[in-house]
>>> print(open('target.cif').read())   # mmCIF, N, CA and C atoms and all ligand atoms
data_run
loop_
_atom_site.label_atom_id
_atom_site.label_comp_id
_atom_site.auth_asym_id
_atom_site.auth_seq_id
_atom_site.Cartn_x
_atom_site.Cartn_y
_atom_site.Cartn_z
N MET A 1 31.30 94.94 48.20
CA MET A 1 30.93 96.12 47.39
C MET A 1 31.64 96.07 46.03
N THR A 2 30.92 96.47 44.99
CA THR A 2 31.52 96.46 43.66
C THR A 2 32.63 97.52 43.57
N SER A 3 33.78 97.11 43.07
CA SER A 3 34.91 98.06 42.98
C SER A 3 34.73 99.00 41.80
N ILE A 4 35.43 100.13 41.86
CA ILE A 4 35.44 101.09 40.73
C ILE A 4 35.84 100.35 39.45
N PHE A 5 36.81 99.44 39.59
CA PHE A 5 37.31 98.76 38.40
C PHE A 5 36.28 97.78 37.84
N SER A 6 35.48 97.16 38.70
CA SER A 6 34.41 96.29 38.18
C SER A 6 33.41 97.12 37.40
N LYS A 7 33.18 98.35 37.87
CA LYS A 7 32.25 99.24 37.15
C LYS A 7 32.82 99.66 35.80
N ILE A 8 34.14 99.75 35.71
CA ILE A 8 34.78 100.03 34.40
C ILE A 8 34.59 98.82 33.48
N ILE A 9 34.75 97.63 34.05
CA ILE A 9 34.59 96.40 33.25
C ILE A 9 33.19 96.31 32.65
N THR A 10 32.18 96.62 33.47
CA THR A 10 30.80 96.51 32.97
C THR A 10 30.39 97.69 32.09
N GLY A 11 31.19 98.75 32.11
CA GLY A 11 30.85 99.93 31.31
C GLY A 11 30.04 100.96 32.08
N GLU A 12 29.79 100.66 33.36
CA GLU A 12 29.07 101.61 34.23
C GLU A 12 29.86 102.90 34.40
N LEU A 13 31.20 102.76 34.42
CA LEU A 13 32.09 103.93 34.49
C LEU A 13 32.96 103.95 33.23
N PRO A 14 33.24 105.15 32.72
CA PRO A 14 34.07 105.22 31.50
C PRO A 14 35.54 104.99 31.81
N ALA A 15 36.30 104.59 30.81
CA ALA A 15 37.75 104.44 30.96
C ALA A 15 38.39 104.49 29.58
N TYR A 16 39.67 104.81 29.58
CA TYR A 16 40.44 104.80 28.32
C TYR A 16 41.01 103.40 28.16
N LYS A 17 40.22 102.50 27.57
CA LYS A 17 40.61 101.09 27.46
C LYS A 17 41.59 100.88 26.30
N VAL A 18 42.67 100.16 26.59
CA VAL A 18 43.67 99.92 25.54
C VAL A 18 43.77 98.46 25.11
N ALA A 19 43.32 97.53 25.96
CA ALA A 19 43.34 96.11 25.58
C ALA A 19 42.36 95.34 26.45
N GLU A 20 41.78 94.30 25.86
CA GLU A 20 40.79 93.51 26.61
C GLU A 20 40.77 92.07 26.11
N THR A 21 40.65 91.14 27.04
CA THR A 21 40.39 89.74 26.69
C THR A 21 39.19 89.32 27.54
N GLU A 22 38.85 88.04 27.43
CA GLU A 22 37.73 87.54 28.25
C GLU A 22 38.02 87.70 29.74
N GLU A 23 39.29 87.58 30.09
CA GLU A 23 39.66 87.55 31.52
C GLU A 23 40.30 88.83 32.07
N PHE A 24 40.86 89.66 31.14
CA PHE A 24 41.66 90.80 31.61
C PHE A 24 41.32 92.08 30.87
N LEU A 25 41.63 93.21 31.51
CA LEU A 25 41.39 94.51 30.90
C LEU A 25 42.58 95.43 31.22
N ALA A 26 42.95 96.26 30.24
CA ALA A 26 43.99 97.28 30.45
C ALA A 26 43.42 98.63 30.08
N PHE A 27 43.67 99.62 30.93
CA PHE A 27 43.18 100.98 30.66
C PHE A 27 44.15 102.00 31.26
N LEU A 28 44.07 103.23 30.74
CA LEU A 28 44.98 104.27 31.24
C LEU A 28 44.60 104.68 32.65
N ASP A 29 45.62 104.84 33.50
CA ASP A 29 45.38 105.38 34.84
C ASP A 29 44.96 106.84 34.68
N ILE A 30 43.89 107.20 35.34
CA ILE A 30 43.30 108.54 35.20
C ILE A 30 44.15 109.62 35.89
N ASN A 31 45.02 109.18 36.77
CA ASN A 31 45.89 110.12 37.51
C ASN A 31 47.33 109.62 37.40
N PRO A 32 47.89 109.75 36.18
CA PRO A 32 49.13 109.02 35.87
C PRO A 32 50.41 109.58 36.48
N ASN A 33 51.32 108.68 36.81
CA ASN A 33 52.68 109.08 37.23
C ASN A 33 53.42 109.65 36.01
N ALA A 34 53.16 109.05 34.85
CA ALA A 34 53.80 109.46 33.60
C ALA A 34 52.80 109.21 32.48
N LYS A 35 52.98 109.90 31.37
CA LYS A 35 52.05 109.71 30.25
C LYS A 35 52.17 108.29 29.71
N GLY A 36 51.05 107.58 29.71
CA GLY A 36 51.06 106.19 29.27
C GLY A 36 50.94 105.20 30.43
N HIS A 37 50.81 105.72 31.65
CA HIS A 37 50.61 104.86 32.84
C HIS A 37 49.33 104.03 32.65
N ILE A 38 49.50 102.72 32.69
CA ILE A 38 48.39 101.79 32.42
C ILE A 38 48.13 100.90 33.64
N LEU A 39 46.89 100.53 33.82
CA LEU A 39 46.53 99.52 34.83
C LEU A 39 46.03 98.28 34.11
N CYS A 40 46.55 97.12 34.50
CA CYS A 40 46.08 95.84 33.97
C CYS A 40 45.37 95.11 35.10
N ILE A 41 44.17 94.68 34.83
CA ILE A 41 43.38 94.05 35.91
C ILE A 41 42.74 92.73 35.45
N PRO A 42 42.52 91.83 36.40
CA PRO A 42 41.70 90.66 36.08
C PRO A 42 40.24 91.09 36.17
N LYS A 43 39.38 90.49 35.35
CA LYS A 43 37.96 90.87 35.44
C LYS A 43 37.32 90.32 36.71
N GLU A 44 37.88 89.23 37.17
CA GLU A 44 37.41 88.68 38.45
C GLU A 44 37.82 89.66 39.55
N GLU A 45 36.85 90.02 40.39
CA GLU A 45 37.16 91.00 41.44
C GLU A 45 37.79 90.33 42.65
N VAL A 46 39.13 90.43 42.71
CA VAL A 46 39.90 89.88 43.83
C VAL A 46 40.69 91.04 44.42
N ASN A 47 40.77 91.11 45.72
CA ASN A 47 41.41 92.24 46.40
C ASN A 47 42.92 92.29 46.19
N LYS A 48 43.60 91.20 46.57
CA LYS A 48 45.07 91.24 46.61
C LYS A 48 45.68 90.27 45.60
N ILE A 49 46.80 90.67 45.00
CA ILE A 49 47.37 89.88 43.89
C ILE A 49 47.71 88.44 44.31
N PHE A 50 48.19 88.26 45.53
CA PHE A 50 48.60 86.90 45.90
C PHE A 50 47.42 86.04 46.37
N GLU A 51 46.23 86.62 46.26
CA GLU A 51 45.01 85.82 46.48
C GLU A 51 44.50 85.22 45.16
N LEU A 52 45.08 85.66 44.03
CA LEU A 52 44.63 85.13 42.74
C LEU A 52 45.00 83.65 42.63
N ASP A 53 44.17 82.88 41.92
CA ASP A 53 44.58 81.49 41.68
C ASP A 53 45.76 81.52 40.71
N LYS A 54 46.51 80.42 40.68
CA LYS A 54 47.77 80.35 39.94
C LYS A 54 47.57 80.70 38.45
N ASP A 55 46.53 80.19 37.84
CA ASP A 55 46.31 80.43 36.40
C ASP A 55 45.98 81.89 36.12
N THR A 56 45.15 82.49 36.97
CA THR A 56 44.79 83.89 36.76
C THR A 56 46.01 84.78 36.99
N TYR A 57 46.80 84.44 38.00
CA TYR A 57 48.03 85.19 38.29
C TYR A 57 48.97 85.14 37.07
N GLY A 58 49.19 83.94 36.57
CA GLY A 58 50.06 83.77 35.40
C GLY A 58 49.48 84.48 34.18
N GLY A 59 48.18 84.36 34.01
CA GLY A 59 47.51 85.01 32.87
C GLY A 59 47.62 86.52 32.93
N LEU A 60 47.53 87.07 34.14
CA LEU A 60 47.63 88.53 34.31
C LEU A 60 49.05 89.00 33.98
N MET A 61 50.05 88.21 34.37
CA MET A 61 51.45 88.57 34.06
C MET A 61 51.67 88.54 32.55
N GLU A 62 51.16 87.53 31.87
CA GLU A 62 51.34 87.40 30.43
C GLU A 62 50.59 88.51 29.68
N PHE A 63 49.38 88.82 30.15
CA PHE A 63 48.60 89.92 29.57
C PHE A 63 49.38 91.24 29.76
N SER A 64 49.90 91.46 30.96
CA SER A 64 50.64 92.70 31.26
C SER A 64 51.89 92.80 30.39
N ARG A 65 52.55 91.66 30.15
CA ARG A 65 53.75 91.65 29.29
C ARG A 65 53.40 92.15 27.89
N LYS A 66 52.32 91.64 27.34
CA LYS A 66 51.92 92.04 25.98
C LYS A 66 51.55 93.53 25.94
N VAL A 67 50.86 93.99 26.96
CA VAL A 67 50.46 95.40 27.02
C VAL A 67 51.71 96.28 27.14
N ALA A 68 52.67 95.85 27.97
CA ALA A 68 53.90 96.63 28.18
C ALA A 68 54.71 96.75 26.88
N ILE A 69 54.73 95.68 26.10
CA ILE A 69 55.47 95.70 24.82
C ILE A 69 54.83 96.74 23.89
N GLY A 70 53.50 96.76 23.85
CA GLY A 70 52.79 97.74 23.02
C GLY A 70 52.99 99.16 23.55
N LEU A 71 53.03 99.29 24.87
CA LEU A 71 53.20 100.60 25.49
C LEU A 71 54.58 101.18 25.15
N GLU A 72 55.61 100.32 25.23
CA GLU A 72 56.98 100.81 24.97
C GLU A 72 57.13 101.30 23.53
N LYS A 73 56.34 100.74 22.62
CA LYS A 73 56.39 101.19 21.22
C LYS A 73 55.66 102.53 21.03
N SER A 74 54.85 102.90 22.01
CA SER A 74 53.94 104.03 21.85
C SER A 74 54.41 105.34 22.49
N VAL A 75 55.27 105.23 23.49
CA VAL A 75 55.71 106.44 24.19
C VAL A 75 57.23 106.45 24.27
N SER A 76 57.78 107.63 24.46
CA SER A 76 59.23 107.74 24.55
C SER A 76 59.65 107.44 25.99
N CYS A 77 60.35 106.33 26.19
CA CYS A 77 60.79 105.97 27.55
C CYS A 77 61.99 105.04 27.48
N LYS A 78 62.70 104.95 28.60
CA LYS A 78 63.87 104.06 28.64
C LYS A 78 63.44 102.60 28.80
N ARG A 79 62.37 102.41 29.55
CA ARG A 79 61.78 101.08 29.72
C ARG A 79 60.44 101.24 30.41
N VAL A 80 59.68 100.15 30.46
CA VAL A 80 58.40 100.20 31.16
C VAL A 80 58.58 99.55 32.53
N GLY A 81 58.26 100.30 33.56
CA GLY A 81 58.33 99.77 34.93
C GLY A 81 57.01 99.11 35.29
N MET A 82 57.10 98.18 36.23
CA MET A 82 55.90 97.44 36.65
C MET A 82 55.82 97.44 38.17
N ALA A 83 54.64 97.68 38.71
CA ALA A 83 54.50 97.68 40.17
C ALA A 83 53.11 97.19 40.56
N VAL A 84 53.08 96.42 41.61
CA VAL A 84 51.79 96.08 42.23
C VAL A 84 51.85 96.71 43.61
N VAL A 85 51.22 97.85 43.72
CA VAL A 85 51.34 98.64 44.95
C VAL A 85 50.12 99.54 45.05
N GLY A 86 49.76 99.91 46.26
CA GLY A 86 48.64 100.82 46.45
C GLY A 86 47.62 100.26 47.40
N LEU A 87 46.90 101.16 48.03
CA LEU A 87 45.95 100.76 49.08
C LEU A 87 44.54 101.26 48.80
N GLU A 88 44.37 101.97 47.68
CA GLU A 88 43.09 102.63 47.41
C GLU A 88 41.98 101.71 46.90
N VAL A 89 42.28 101.01 45.82
CA VAL A 89 41.23 100.22 45.15
C VAL A 89 41.41 98.72 45.45
N PRO A 90 40.42 98.10 46.10
CA PRO A 90 40.55 96.69 46.50
C PRO A 90 40.23 95.72 45.37
N HIS A 91 40.92 95.92 44.26
CA HIS A 91 40.75 95.07 43.07
C HIS A 91 42.14 95.01 42.43
N VAL A 92 42.68 93.80 42.31
CA VAL A 92 44.05 93.63 41.81
C VAL A 92 44.33 94.51 40.60
N HIS A 93 45.46 95.24 40.64
CA HIS A 93 45.87 96.00 39.46
C HIS A 93 47.39 96.08 39.36
N VAL A 94 47.87 95.84 38.15
CA VAL A 94 49.30 95.94 37.85
C VAL A 94 49.52 97.30 37.21
N HIS A 95 50.39 98.11 37.81
CA HIS A 95 50.73 99.41 37.21
C HIS A 95 51.86 99.20 36.19
N LEU A 96 51.66 99.67 34.96
CA LEU A 96 52.74 99.70 33.96
C LEU A 96 53.05 101.18 33.73
N ILE A 97 54.30 101.56 33.98
CA ILE A 97 54.65 102.99 33.94
C ILE A 97 55.87 103.22 33.05
N PRO A 98 55.72 104.05 32.00
CA PRO A 98 56.87 104.38 31.16
C PRO A 98 57.90 105.16 32.01
N LEU A 99 59.13 104.67 32.01
CA LEU A 99 60.16 105.28 32.87
C LEU A 99 61.20 106.04 32.07
N ASN A 100 61.40 107.29 32.44
CA ASN A 100 62.54 108.05 31.95
C ASN A 100 63.48 108.38 33.10
N SER A 101 62.94 108.35 34.31
CA SER A 101 63.77 108.49 35.51
C SER A 101 63.07 107.73 36.62
N MET A 102 63.80 107.45 37.69
CA MET A 102 63.20 106.72 38.81
C MET A 102 62.08 107.51 39.46
N GLY A 103 62.09 108.84 39.25
CA GLY A 103 61.01 109.68 39.78
C GLY A 103 59.65 109.29 39.21
N ASP A 104 59.66 108.65 38.03
CA ASP A 104 58.39 108.23 37.43
C ASP A 104 57.70 107.12 38.24
N MET A 105 58.44 106.49 39.13
CA MET A 105 57.83 105.48 40.01
C MET A 105 57.34 106.10 41.33
N ASP A 106 57.48 107.42 41.43
CA ASP A 106 57.03 108.10 42.64
C ASP A 106 55.53 108.39 42.52
N PHE A 107 54.74 107.66 43.28
CA PHE A 107 53.28 107.76 43.17
C PHE A 107 52.71 109.05 43.77
N SER A 108 53.60 109.90 44.32
CA SER A 108 53.09 111.18 44.81
C SER A 108 53.30 112.28 43.77
N ARG A 109 53.99 111.92 42.66
CA ARG A 109 54.21 112.91 41.58
C ARG A 109 53.34 112.54 40.39
N LYS A 110 52.39 113.40 40.05
CA LYS A 110 51.42 113.07 39.00
C LYS A 110 51.52 114.02 37.82
N LYS A 111 51.11 113.52 36.64
CA LYS A 111 51.11 114.34 35.42
C LYS A 111 49.66 114.73 35.08
N ASN A 112 49.47 115.99 34.69
CA ASN A 112 48.15 116.40 34.21
C ASN A 112 48.01 116.08 32.73
N MET A 113 46.86 115.54 32.37
CA MET A 113 46.59 115.27 30.95
C MET A 113 45.19 115.71 30.59
N THR A 114 45.02 116.24 29.39
CA THR A 114 43.68 116.64 28.93
C THR A 114 42.97 115.41 28.37
N ASP A 115 41.65 115.52 28.21
CA ASP A 115 40.86 114.44 27.60
C ASP A 115 41.41 114.10 26.21
N GLU A 116 41.76 115.15 25.47
CA GLU A 116 42.28 114.96 24.11
C GLU A 116 43.58 114.14 24.14
N GLU A 117 44.43 114.45 25.11
CA GLU A 117 45.69 113.70 25.22
C GLU A 117 45.43 112.24 25.58
N PHE A 118 44.50 112.03 26.52
CA PHE A 118 44.14 110.65 26.91
C PHE A 118 43.61 109.89 25.70
N GLU A 119 42.74 110.54 24.93
CA GLU A 119 42.14 109.87 23.78
C GLU A 119 43.17 109.53 22.71
N ALA A 120 44.05 110.49 22.42
CA ALA A 120 45.08 110.27 21.39
C ALA A 120 46.02 109.15 21.81
N LEU A 121 46.39 109.14 23.10
CA LEU A 121 47.30 108.12 23.61
C LEU A 121 46.64 106.74 23.60
N THR A 122 45.38 106.69 23.94
CA THR A 122 44.64 105.42 23.93
C THR A 122 44.68 104.81 22.54
N LYS A 123 44.41 105.64 21.54
CA LYS A 123 44.38 105.18 20.15
C LYS A 123 45.75 104.62 19.74
N LYS A 124 46.79 105.37 20.09
CA LYS A 124 48.16 104.98 19.71
C LYS A 124 48.57 103.67 20.38
N ILE A 125 48.32 103.57 21.69
CA ILE A 125 48.73 102.36 22.43
C ILE A 125 47.95 101.15 21.94
N LYS A 126 46.65 101.35 21.76
CA LYS A 126 45.77 100.26 21.28
C LYS A 126 46.30 99.67 19.98
N ALA A 127 46.73 100.54 19.09
CA ALA A 127 47.21 100.10 17.78
C ALA A 127 48.51 99.31 17.89
N ASN A 128 49.26 99.51 18.98
CA ASN A 128 50.56 98.83 19.12
C ASN A 128 50.50 97.56 19.98
N ILE A 129 49.33 97.27 20.55
CA ILE A 129 49.23 96.07 21.40
C ILE A 129 48.72 94.89 20.59
N GLN A 130 49.46 93.80 20.69
CA GLN A 130 49.02 92.55 20.04
C GLN A 130 48.74 91.53 21.12
N ILE A 131 47.47 91.20 21.28
CA ILE A 131 47.09 90.24 22.33
C ILE A 131 46.97 88.83 21.73
P1 LIG B 201 46.03 102.27 44.35
O1 LIG B 201 45.05 101.24 44.86
O2 LIG B 201 46.63 103.09 45.45
O3 LIG B 201 47.04 101.69 43.39
O4 LIG B 201 45.20 103.37 43.53
C1 LIG B 201 44.39 103.06 42.46
C2 LIG B 201 44.93 103.57 41.15
O5 LIG B 201 43.83 103.58 40.26
C3 LIG B 201 45.49 105.00 41.18
O6 LIG B 201 46.70 105.04 40.43
C4 LIG B 201 44.38 105.83 40.54
O7 LIG B 201 44.87 106.95 39.85
C5 LIG B 201 43.75 104.82 39.60
N1 LIG B 201 42.32 105.06 39.34
C6 LIG B 201 41.34 105.26 40.26
N2 LIG B 201 40.15 105.41 39.65
C7 LIG B 201 40.39 105.30 38.31
C8 LIG B 201 39.55 105.36 37.16
N3 LIG B 201 38.23 105.58 37.25
N4 LIG B 201 40.13 105.20 35.94
C9 LIG B 201 41.45 104.99 35.84
N5 LIG B 201 42.30 104.90 36.89
C10 LIG B 201 41.77 105.07 38.11
#
>>> encode(input="target.cif", output="structure tokens", more="lines below")
Ligand code: AMP
Amino acid sequence: MTSIFSKIITGELPAYKVAETEEFLAFLDINPNAKGHILCIPKEEVNKIFELDKDTYGGLMEFSRKVAIGLEKSVSCKRVGMAVVGLEVPHVHVHLIPLNSMGDMDFSRKKNMTDEEFEALTKKIKANIQI
């Protein structure tokens, strides 16, 4: 079955996209732990991260690094945390989360954001990412 994230890649579903290459896509998590929470995904639909081939795995890490550097310039945080965790969407995704406290890594604590906030943040992060 086509994953939600594959539908975002094709444009069937909307997303706040912040960076894209031929192989990878980064967009804001719609239900963020912290403002600026980003998901980095391979366009190839693979369920689990350690099922990725070596090149795609390495490419996803390098893509995520570049996105994280742009993210840290865009939001106020002590550092950007990274996690590959979750059971909901069967399509590899790297969570990048701006951290001000360890509570920001608590996936049961979510921040509400308006469409306007998502849009403004997307614009800001996009401008700071160099791929
Ligand atoms: P998990 O597989 O548990 O990591 O959960 C999937 C993650 O994707 C969660 O953090 C969701 O908030 C996020 N998510 C689900 N659907 C969307 C969407 N349409 N756009 C952006 N993020 C999403």
>>> closest_residue(input="target.cif", among="A:Leu25, A:Asn100, A:Lys111, A:Pro42", to="Thr56 of chain A", atoms="all atoms listed in the file")
A:Pro42
>>> atom_distance(input="target.cif", atom1="atom C of Leu71 of chain A", atom2="atom CA of Glu117 of chain A")
15.4 Å
>>> atom_distance(input="target.cif", atom1="atom C of Asn33 of chain A", atom2="atom C of Lys110 of chain A")
5.1 Å
>>> closest_atom_pairs(input="target.cif", of="chain A", to="ligand LIG 201 (chain B)", cutoff="7 Å", atoms="only N, CA and C atoms and all ligand atoms", output="tab-separated table")
residue	atom	partner	partner_atom	distance
A:Ile4	C	B:LIG201	N3	6.2
A:Phe5	N	B:LIG201	N3	6.7
A:Leu13	C	B:LIG201	N3	6.8
A:Pro14	C	B:LIG201	N3	6.1
A:Ala15	CA	B:LIG201	N4	5.6
A:Tyr16	N	B:LIG201	N4	6.4
A:Phe27	C	B:LIG201	C9	6.1
A:Leu28	C	B:LIG201	C9	4.5
A:Asp29	CA	B:LIG201	N5	3.7
A:Ile30	N	B:LIG201	N5	3.2
A:Asn31	N	B:LIG201	O7	3.8
A:Pro32	N	B:LIG201	O7	5.5
A:Asn33	N	B:LIG201	O6	6.9
A:Val84	C	B:LIG201	O3	6.9
A:Val85	C	B:LIG201	O3	4.1
A:Gly86	CA	B:LIG201	O2	3.2
A:Leu87	N	B:LIG201	O2	3.2
A:Glu88	N	B:LIG201	O1	3.0
A:Val89	N	B:LIG201	O1	2.9
A:Pro90	N	B:LIG201	O1	5.7
A:His91	N	B:LIG201	O1	6.8
A:His93	C	B:LIG201	O3	6.9
>>> atom_distance(input="target.cif", atom1="atom C of Asp106 of chain A", atom2="atom N of Ser76 of chain A")
18.2 Å
>>> select_by_dssp(input="target.cif", residues="chain A", states="helix (DSSP H, G or I)", output="PyMOL selection string")
chain A and resi 4-10+49-51+54-74+102-105+115-128
>>> closest_residue(input="target.cif", among="A:Asn47, A:Thr21, A:Asn112, A:Ser101", to="Ser3 of chain A", atoms="only C-alpha atoms")
A:Asn47
>>> decode(input="target.cif", residues="segment 13-27 of chain A", atoms="N, CA, C and O atoms", output="PDB file, in the first residue's frame")
ATOM      1  N   LEU A  13      -0.791  14.487  -1.407  1.00  0.00           N
ATOM      2  CA  LEU A  13      -1.096  15.086  -0.103  1.00  0.00           C
ATOM      3  C   LEU A  13      -0.195  16.308   0.082  1.00  0.00           C
ATOM      4  O   LEU A  13       0.963  16.289  -0.334  1.00  0.00           O
ATOM      5  N   PRO A  14      -0.732  17.355   0.720  1.00  0.00           N
ATOM      6  CA  PRO A  14       0.092  18.559   0.920  1.00  0.00           C
ATOM      7  C   PRO A  14       1.093  18.370   2.057  1.00  0.00           C
ATOM      8  O   PRO A  14       0.897  17.492   2.913  1.00  0.00           O
ATOM      9  N   ALA A  15       2.148  19.153   2.046  1.00  0.00           N
ATOM     10  CA  ALA A  15       3.119  19.132   3.151  1.00  0.00           C
ATOM     11  C   ALA A  15       3.894  20.439   3.129  1.00  0.00           C
ATOM     12  O   ALA A  15       3.944  21.122   2.101  1.00  0.00           O
ATOM     13  N   TYR A  16       4.467  20.762   4.282  1.00  0.00           N
ATOM     14  CA  TYR A  16       5.325  21.954   4.378  1.00  0.00           C
ATOM     15  C   TYR A  16       6.743  21.508   4.045  1.00  0.00           C
ATOM     16  O   TYR A  16       7.526  21.165   4.935  1.00  0.00           O
ATOM     17  N   LYS A  17       7.069  21.506   2.749  1.00  0.00           N
ATOM     18  CA  LYS A  17       8.364  20.985   2.288  1.00  0.00           C
ATOM     19  C   LYS A  17       9.470  22.025   2.493  1.00  0.00           C
ATOM     20  O   LYS A  17       9.307  23.180   2.113  1.00  0.00           O
ATOM     21  N   VAL A  18      10.583  21.575   3.064  1.00  0.00           N
ATOM     22  CA  VAL A  18      11.687  22.508   3.309  1.00  0.00           C
ATOM     23  C   VAL A  18      12.937  22.206   2.476  1.00  0.00           C
ATOM     24  O   VAL A  18      13.780  23.082   2.293  1.00  0.00           O
ATOM     25  N   ALA A  19      13.070  20.978   1.981  1.00  0.00           N
ATOM     26  CA  ALA A  19      14.222  20.647   1.133  1.00  0.00           C
ATOM     27  C   ALA A  19      13.908  19.395   0.320  1.00  0.00           C
ATOM     28  O   ALA A  19      13.186  18.506   0.787  1.00  0.00           O
ATOM     29  N   GLU A  20      14.472  19.354  -0.884  1.00  0.00           N
ATOM     30  CA  GLU A  20      14.199  18.199  -1.758  1.00  0.00           C
ATOM     31  C   GLU A  20      15.368  17.961  -2.701  1.00  0.00           C
ATOM     32  O   GLU A  20      15.989  18.904  -3.194  1.00  0.00           O
ATOM     33  N   THR A  21      15.689  16.694  -2.905  1.00  0.00           N
ATOM     34  CA  THR A  21      16.643  16.308  -3.952  1.00  0.00           C
ATOM     35  C   THR A  21      15.948  15.215  -4.762  1.00  0.00           C
ATOM     36  O   THR A  21      14.790  14.870  -4.488  1.00  0.00           O
ATOM     37  N   GLU A  22      16.689  14.670  -5.720  1.00  0.00           N
ATOM     38  CA  GLU A  22      16.111  13.578  -6.521  1.00  0.00           C
ATOM     39  C   GLU A  22      15.734  12.385  -5.646  1.00  0.00           C
ATOM     40  O   GLU A  22      14.754  11.694  -5.886  1.00  0.00           O
ATOM     41  N   GLU A  23      16.513  12.181  -4.590  1.00  0.00           N
ATOM     42  CA  GLU A  23      16.337  10.971  -3.766  1.00  0.00           C
ATOM     43  C   GLU A  23      15.652  11.175  -2.415  1.00  0.00           C
ATOM     44  O   GLU A  23      15.149  10.218  -1.826  1.00  0.00           O
ATOM     45  N   PHE A  24      15.680  12.447  -1.921  1.00  0.00           N
ATOM     46  CA  PHE A  24      15.216  12.666  -0.543  1.00  0.00           C
ATOM     47  C   PHE A  24      14.300  13.878  -0.438  1.00  0.00           C
ATOM     48  O   PHE A  24      14.353  14.777  -1.280  1.00  0.00           O
ATOM     49  N   LEU A  25      13.496  13.883   0.625  1.00  0.00           N
ATOM     50  CA  LEU A  25      12.583  14.997   0.871  1.00  0.00           C
ATOM     51  C   LEU A  25      12.571  15.302   2.372  1.00  0.00           C
ATOM     52  O   LEU A  25      12.625  14.386   3.196  1.00  0.00           O
ATOM     53  N   ALA A  26      12.492  16.594   2.701  1.00  0.00           N
ATOM     54  CA  ALA A  26      12.347  17.016   4.102  1.00  0.00           C
ATOM     55  C   ALA A  26      11.122  17.906   4.214  1.00  0.00           C
ATOM     56  O   ALA A  26      10.921  18.799   3.384  1.00  0.00           O
ATOM     57  N   PHE A  27      10.312  17.657   5.231  1.00  0.00           N
ATOM     58  CA  PHE A  27       9.103  18.467   5.446  1.00  0.00           C
ATOM     59  C   PHE A  27       8.800  18.544   6.938  1.00  0.00           C
ATOM     60  O   PHE A  27       9.272  17.717   7.730  1.00  0.00           O
TER      61      PHE A  27
END
